[in-house]
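Okay, upload_27.tsv now, which holds TSV, C-alpha atoms:
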```tsv
chain	number	residue	atom	x	y	z
A	28	MET	CA	-15.01	40.44	33.40
A	29	ARG	CA	-13.43	40.29	36.83
A	30	PHE	CA	-9.89	39.11	37.61
A	31	GLY	CA	-10.01	37.31	40.94
A	32	GLY	CA	-12.69	39.59	42.29
A	33	ILE	CA	-11.02	42.73	40.89
A	34	LYS	CA	-12.71	44.48	38.01
A	35	PRO	CA	-10.07	45.46	35.40
A	36	GLY	CA	-9.79	48.93	34.03
A	37	LYS	CA	-7.01	51.46	33.71
A	38	SER	CA	-8.63	53.93	36.04
A	39	GLU	CA	-9.22	51.21	38.60
A	40	PHE	CA	-5.86	49.44	38.30
A	41	ASP	CA	-4.44	49.00	41.78
A	42	ARG	CA	-1.01	47.53	41.14
A	43	ALA	CA	-0.27	46.58	44.72
A	44	ARG	CA	-3.62	44.87	45.16
A	45	VAL	CA	-3.38	42.97	41.89
A	46	LEU	CA	0.11	41.67	42.66
A	47	GLU	CA	-0.89	40.77	46.19
A	48	GLU	CA	-3.85	38.78	44.93
A	49	ALA	CA	-1.67	37.10	42.29
A	50	ALA	CA	0.97	36.14	44.84
A	51	ARG	CA	-1.69	34.72	47.13
A	52	ALA	CA	-3.20	32.69	44.31
A	53	ARG	CA	0.20	31.39	43.31
A	54	SER	CA	1.04	30.34	46.86
A	55	LYS	CA	-2.23	28.38	47.01
A	56	ARG	CA	-1.46	26.69	43.67
A	57	ARG	CA	-4.42	28.46	42.04
A	58	ARG	CA	-2.45	28.91	38.87
A	59	SER	CA	-5.26	29.94	36.54
A	60	LYS	CA	-6.23	32.83	38.78
A	61	ALA	CA	-2.61	33.89	39.25
A	62	ILE	CA	-2.07	33.82	35.49
A	63	ARG	CA	-5.10	36.03	34.88
A	64	LEU	CA	-3.88	38.58	37.42
A	65	TYR	CA	-0.29	38.64	36.15
A	66	ARG	CA	-1.57	39.02	32.60
A	67	TRP	CA	-3.63	41.99	33.72
A	68	ALA	CA	-0.60	43.54	35.36
A	69	LEU	CA	1.48	42.91	32.22
A	70	ALA	CA	-1.19	44.54	30.08
A	71	MET	CA	-0.47	47.69	32.05
A	72	GLU	CA	3.33	47.14	32.22
A	73	PRO	CA	4.28	45.01	29.18
A	74	ARG	CA	8.05	45.49	29.63
A	75	ASN	CA	8.15	44.51	33.29
A	76	ALA	CA	10.62	41.62	33.47
A	77	GLU	CA	9.76	40.83	37.09
A	78	LEU	CA	6.17	40.15	36.11
A	79	HIS	CA	7.28	37.95	33.22
A	80	ALA	CA	9.53	36.02	35.63
A	81	LYS	CA	6.55	35.29	37.90
A	82	LEU	CA	4.24	34.43	35.02
A	83	ALA	CA	6.51	32.17	32.94
A	84	PRO	CA	6.63	29.10	35.24
A	85	LEU	CA	2.87	29.29	35.81
A	86	LEU	CA	2.21	29.31	32.09
A	87	ALA	CA	4.53	26.34	31.58
A	88	GLU	CA	2.83	24.36	34.34
A	89	GLU	CA	-0.57	25.06	32.79
A	90	GLY	CA	0.60	23.88	29.36
A	91	HIS	CA	0.81	27.31	27.71
A	92	HIS	CA	4.27	26.52	26.40
A	93	PHE	CA	4.65	29.17	23.73
A	94	GLU	CA	3.53	31.97	26.02
A	95	ALA	CA	5.80	30.64	28.75
A	96	TRP	CA	8.77	30.71	26.39
A	97	VAL	CA	7.95	34.29	25.37
A	98	SER	CA	7.99	35.34	29.02
A	99	PHE	CA	11.18	33.43	29.86
A	100	ARG	CA	12.90	34.98	26.85
A	101	ALA	CA	11.72	38.47	27.85
A	102	VAL	CA	13.32	38.03	31.28
A	103	ALA	CA	16.57	36.67	29.85
A	104	LYS	CA	16.87	39.50	27.34
A	105	ALA	CA	16.19	42.08	30.04
A	106	CYS	CA	19.03	40.60	32.07
A	107	LEU	CA	21.35	40.81	29.08
A	108	ARG	CA	20.43	44.45	28.48
A	109	ASN	CA	21.58	45.14	32.02
A	110	GLY	CA	24.82	43.19	31.54
A	111	LEU	CA	23.72	40.28	33.74
A	112	VAL	CA	25.01	37.39	31.64
A	113	ASP	CA	25.01	34.84	34.46
A	114	LYS	CA	21.45	35.78	35.43
A	115	SER	CA	20.31	35.50	31.82
A	116	LEU	CA	21.90	32.05	31.57
A	117	ALA	CA	20.13	30.99	34.78
A	118	VAL	CA	16.78	32.12	33.31
A	119	TYR	CA	17.34	30.12	30.12
A	120	LYS	CA	18.32	27.07	32.18
A	121	GLU	CA	15.11	27.43	34.17
A	122	ALA	CA	13.22	27.64	30.89
A	123	ALA	CA	14.90	24.41	29.77
A	124	LEU	CA	13.66	22.65	32.91
A	125	PHE	CA	10.08	23.73	32.26
A	126	LEU	CA	10.22	23.58	28.44
A	127	PRO	CA	12.82	20.95	27.45
A	128	ARG	CA	11.21	20.53	24.02
A	129	GLU	CA	11.38	24.22	23.20
A	130	TYR	CA	14.04	24.15	20.50
A	131	GLN	CA	15.15	27.78	20.85
A	132	VAL	CA	16.17	27.50	24.49
A	133	TRP	CA	19.16	25.22	23.83
A	134	PRO	CA	21.05	27.44	21.34
A	135	ALA	CA	20.38	30.36	23.70
A	136	ILE	CA	21.99	28.48	26.57
A	137	ALA	CA	24.93	27.37	24.43
A	138	ALA	CA	25.54	30.90	23.14
A	139	LEU	CA	25.81	32.29	26.66
A	140	GLN	CA	28.02	29.42	27.78
A	141	ARG	CA	30.37	30.15	24.89
A	142	ARG	CA	30.28	33.82	25.79
A	143	ARG	CA	31.60	32.79	29.20
A	144	GLY	CA	34.31	30.67	27.56
A	145	ASN	CA	32.72	27.28	28.31
A	146	ASP	CA	32.71	25.60	24.91
A	147	ARG	CA	32.54	22.12	26.45
A	148	GLU	CA	29.40	23.02	28.39
A	149	ALA	CA	27.90	24.55	25.25
A	150	VAL	CA	28.40	21.29	23.35
A	151	GLU	CA	26.88	19.31	26.22
A	152	SER	CA	23.84	21.60	26.29
A	153	LEU	CA	23.24	21.20	22.56
A	154	ILE	CA	23.53	17.42	22.86
A	155	GLU	CA	21.13	17.41	25.81
A	156	GLY	CA	18.66	19.53	23.87
A	157	SER	CA	18.78	17.18	20.90
A	158	ARG	CA	17.81	14.28	23.16
A	159	HIS	CA	14.53	15.98	24.03
A	160	LEU	CA	13.61	16.32	20.34
A	161	ARG	CA	13.33	12.79	19.03
A	162	SER	CA	9.83	12.59	17.58
A	163	ARG	CA	9.61	12.30	13.80
A	164	PHE	CA	8.52	15.93	13.53
A	165	GLU	CA	11.20	17.23	15.92
A	166	ARG	CA	14.07	15.25	14.41
A	167	PRO	CA	15.20	18.04	12.03
A	168	GLN	CA	15.57	20.35	15.02
A	169	ALA	CA	17.58	17.73	16.92
A	170	ILE	CA	19.84	17.31	13.89
A	171	HIS	CA	20.34	21.06	13.70
A	172	LEU	CA	21.35	21.22	17.38
A	173	LEU	CA	23.93	18.48	16.85
A	174	ARG	CA	25.27	20.27	13.77
A	175	ARG	CA	25.71	23.37	15.91
A	176	ALA	CA	27.57	21.26	18.47
A	177	ARG	CA	29.92	20.16	15.66
A	178	GLU	CA	30.58	23.80	14.78
A	179	ILE	CA	32.13	24.10	18.25
A	180	ASP	CA	33.80	20.67	18.47
A	181	PRO	CA	33.78	19.02	15.01
A	182	TRP	CA	34.63	15.50	16.17
A	183	ASN	CA	33.04	15.35	19.59
A	184	PHE	CA	32.36	11.63	19.86
A	185	VAL	CA	28.87	11.79	21.37
A	186	ALA	CA	27.66	14.58	19.11
A	187	VAL	CA	28.89	12.92	15.93
A	188	LEU	CA	27.62	9.45	16.88
A	189	GLU	CA	24.16	10.72	17.78
A	190	LEU	CA	24.05	12.89	14.68
A	191	ALA	CA	24.91	9.89	12.52
A	192	ARG	CA	22.14	7.86	14.11
A	193	LEU	CA	19.58	10.58	13.46
A	194	LEU	CA	20.76	11.07	9.90
A	195	ALA	CA	20.50	7.34	9.28
A	196	GLY	CA	16.81	7.53	10.16
A	197	SER	CA	16.24	10.68	8.12
A	198	GLU	CA	17.14	9.46	4.63
A	199	GLN	CA	20.58	11.05	4.92
A	200	ARG	CA	22.43	7.77	5.12
A	201	ASP	CA	25.41	8.80	3.00
A	202	GLU	CA	26.35	11.55	5.44
A	203	ALA	CA	25.83	9.13	8.33
A	204	ARG	CA	28.30	6.71	6.72
A	205	ILE	CA	30.88	9.47	6.29
A	206	LEU	CA	30.57	10.52	9.93
A	207	LEU	CA	30.82	6.97	11.26
A	208	HIS	CA	33.84	6.27	9.05
A	209	GLY	CA	35.50	9.37	10.43
A	210	LEU	CA	34.80	8.32	14.01
A	211	ALA	CA	36.08	4.80	13.42
A	212	ALA	CA	39.40	6.18	12.20
A	213	SER	CA	40.19	7.70	15.60
A	214	ALA	CA	38.16	5.57	18.04
A	215	ASP	CA	39.26	2.53	19.98
A	216	GLY	CA	38.01	0.34	22.79
A	217	GLU	CA	34.41	0.87	23.81
A	218	GLN	CA	34.02	3.86	21.52
A	219	LEU	CA	35.07	1.83	18.48
A	220	GLU	CA	32.64	-0.89	19.51
A	221	ARG	CA	29.80	1.66	19.57
A	222	VAL	CA	30.79	3.01	16.16
A	223	ARG	CA	30.93	-0.47	14.62
A	224	ALA	CA	27.54	-1.30	16.12
A	225	ALA	CA	26.11	1.86	14.57
A	226	GLN	CA	27.65	0.95	11.22
A	227	LEU	CA	26.14	-2.52	11.48
A	228	ARG	CA	22.68	-1.06	12.09
A	229	LEU	CA	23.15	1.29	9.16
A	230	ASP	CA	24.50	-1.33	6.74
A	231	PRO	CA	23.71	-4.87	7.92
A	232	GLY	CA	25.98	-7.41	6.28
A	233	PHE	CA	28.86	-9.78	6.85
A	234	GLY	CA	31.54	-7.15	6.20
A	235	THR	CA	30.27	-4.69	8.78
A	236	ALA	CA	29.43	-7.55	11.14
A	237	TRP	CA	33.01	-8.78	10.96
A	238	ARG	CA	34.40	-5.31	11.67
A	239	TRP	CA	32.04	-5.08	14.64
A	240	LEU	CA	33.20	-8.45	15.95
A	241	ARG	CA	36.86	-7.42	15.67
A	242	SER	CA	36.11	-4.29	17.70
A	243	LEU	CA	34.68	-6.45	20.47
A	244	ALA	CA	37.85	-8.50	20.91
A	245	GLY	CA	35.50	-11.45	21.18
A	246	PRO	CA	36.13	-15.09	22.17
A	247	PRO	CA	39.00	-16.96	20.47
A	248	GLU	CA	36.75	-19.27	18.49
A	249	VAL	CA	35.45	-16.32	16.46
A	250	ALA	CA	37.68	-16.49	13.41
A	251	GLU	CA	37.55	-14.50	10.20
A	252	PRO	CA	35.02	-16.19	7.93
A	253	VAL	CA	36.34	-18.07	4.94
A	254	GLY	CA	33.30	-19.77	3.49
A	255	GLU	CA	29.58	-19.20	3.42
A	256	SER	CA	28.92	-21.77	6.16
A	257	SER	CA	31.66	-20.43	8.42
A	258	ARG	CA	30.25	-16.89	8.39
A	259	VAL	CA	26.94	-17.33	10.18
A	260	VAL	CA	27.71	-19.55	13.18
A	261	PRO	CA	30.66	-17.61	14.68
A	262	ILE	CA	28.84	-14.29	14.29
A	263	ARG	CA	25.67	-15.62	15.84
A	264	ARG	CA	27.63	-17.21	18.70
A	265	ALA	CA	29.51	-13.99	19.43
A	266	ILE	CA	26.31	-11.94	19.46
A	267	GLN	CA	24.65	-14.41	21.86
A	268	GLN	CA	27.64	-14.27	24.19
A	269	ARG	CA	27.41	-10.46	24.34
```
Structure translated into structure tokens:
Amino acid sequence: MRFGGIKPGKSEFDRARVLEEAARARSKRRRSKAIRLYRWALAMEPRNAELHAKLAPLLAEEGHHFEAWVSFRAVAKACLRNGLVDKSLAVYKEAALFLPREYQVWPAIAALQRRRGNDREAVESLIEGSRHLRSRFERPQAIHLLRRAREIDPWNFVAVLELARLLAGSEQRDEARILLHGLAASADGEQLERVRAAQLRLDPGFGTAWRWLRSLAGPPEVAEPVGESSRVVPIRRAIQQR
């Protein structure tokens, strides 16, 4: 088998030529050829982080997501071994751009952000990661990312609200109720409105609907229901006016 016109073999390995051919292929957007050449070079130098750095984006663009993640992670870990925390973080962020649905990249980013003393950014990264993992099969991973965000900031409004919503759709409704009740105790204004709306979706009914309406500070004609007939019309009217 030939790699871009170069026959592979240890005795014939011409590093400079292989890398030159790979760089040329990459510049011409001939990704498959570039990947083959970089893989050949890595077979000879498996711990070469520079080669992994060149290969990782190509693999991601060609849909080889697991291999791409392995290469990105190899580069990031090499940076950490050399004490280059900021460089390692930059590599993981690049990986997140190419592989946003790779679960492991988001805790890695958050861990380095915390290492730099940026807890707020770490929470934001975990929340962002969870938003890329919303299929039925990925939902447990999204929930885990939001739980990790709560380990840093237990009552971060966005993290808790989104966690409650995911739990409500994952047959963990009791925990969702507890979280929303906790948020409602300290929220006001628009935040309280969002919590009440989430509670209404979780437990549809006149009681939760009334609490939602009160959080909206709706029109004056919406009064607390007293009888069965007086419940439906004001609620329906308020919802239509929203």
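Rounded to one decimal, atom CA of Phe93 of chain A and atom CA of Arg158 of chain A lie 19.9 Å from each other.
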Point-to-point distance in Å for atom CA of Ser98 of chain A and atom CA of His79 of chain A: 5.0 Å
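Atom to atom, atom CA of Arg44 of chain A and atom CA of Met71 of chain A stand 13.8 Å apart.
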Using only C-alpha atoms, find the one residue out of A:Leu126, A:Ala95, A:Ala212, A:Ala224 that sits nearest to Arg66 of chain A. A:Ala95
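Each of A:Val222, A:Ser162, A:Gly216, A:Tyr130 was checked against Leu188 of chain A using only C-alpha atoms; the smallest atom-to-atom distance is that of A:Val222.
Counting only C-alpha atoms, the residue from A:Glu198, A:Glu77, A:Phe184, A:Arg57 that sits nearest to Asp215 of chain A is A:Phe184.
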Exercise: residues within 10 Å of coordinate (25.2, 7.7, 22.3), counting only C-alpha atoms, as a count of residues only: 14
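Each of A:Leu160, A:Ala195, A:Ala49, A:Ala105 was checked against Lys81 of chain A using all atoms listed in the file; the smallest atom-to-atom distance is that of A:Ala49.
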With a distance cut-off of 8 Å and all atoms listed in the file, select the neighbouring residues of Phe99 of chain A, excluding the residue or stretch itself and same-chain residues fewer than 4 positions from it, and output the selection as a PDB file with C-alpha atoms, in the frame of the given file.
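Okay, this is what ended up in out.pdb:
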```
ATOM      1  CA  HIS A  79       7.280  37.950  33.220  1.00  0.00           C
ATOM      2  CA  ALA A  80       9.530  36.020  35.630  1.00  0.00           C
ATOM      3  CA  ALA A  83       6.510  32.170  32.940  1.00  0.00           C
ATOM      4  CA  ALA A  95       5.800  30.640  28.750  1.00  0.00           C
ATOM      5  CA  ALA A 103      16.570  36.670  29.850  1.00  0.00           C
ATOM      6  CA  VAL A 118      16.780  32.120  33.310  1.00  0.00           C
ATOM      7  CA  TYR A 119      17.340  30.120  30.120  1.00  0.00           C
ATOM      8  CA  ALA A 122      13.220  27.640  30.890  1.00  0.00           C
TER       9      ALA A 122
END
```
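When all atoms listed in the file are used to measure the gap to Ser115 of chain A, the shortest distance among A:Val132, A:Asp180, A:Val150, A:Leu86 belongs to A:Val132.
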Listed atoms of segment 67-73 of chain A, axis-aligned box, 6 Å per side: centre and edge lengths to one decimal in Å, as JSON?
```
{"center_x": 0.3, "center_y": 44.8, "center_z": 32.3, "size_x": 19.9, "size_y": 17.7, "size_z": 18.2}
```
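Closest approach to Arg161 of chain A among A:Ala176, A:Leu107, A:Leu194, A:Ala138: A:Leu194, based on all atoms listed in the file.
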Applying 9 Å and all atoms listed in the file, which residues near Phe125 of chain A remain after dropping the ones on its own chain fewer than 3 positions away? List them as a ChimeraX atom specification. /A:84,87-88,92,95,120-122,128
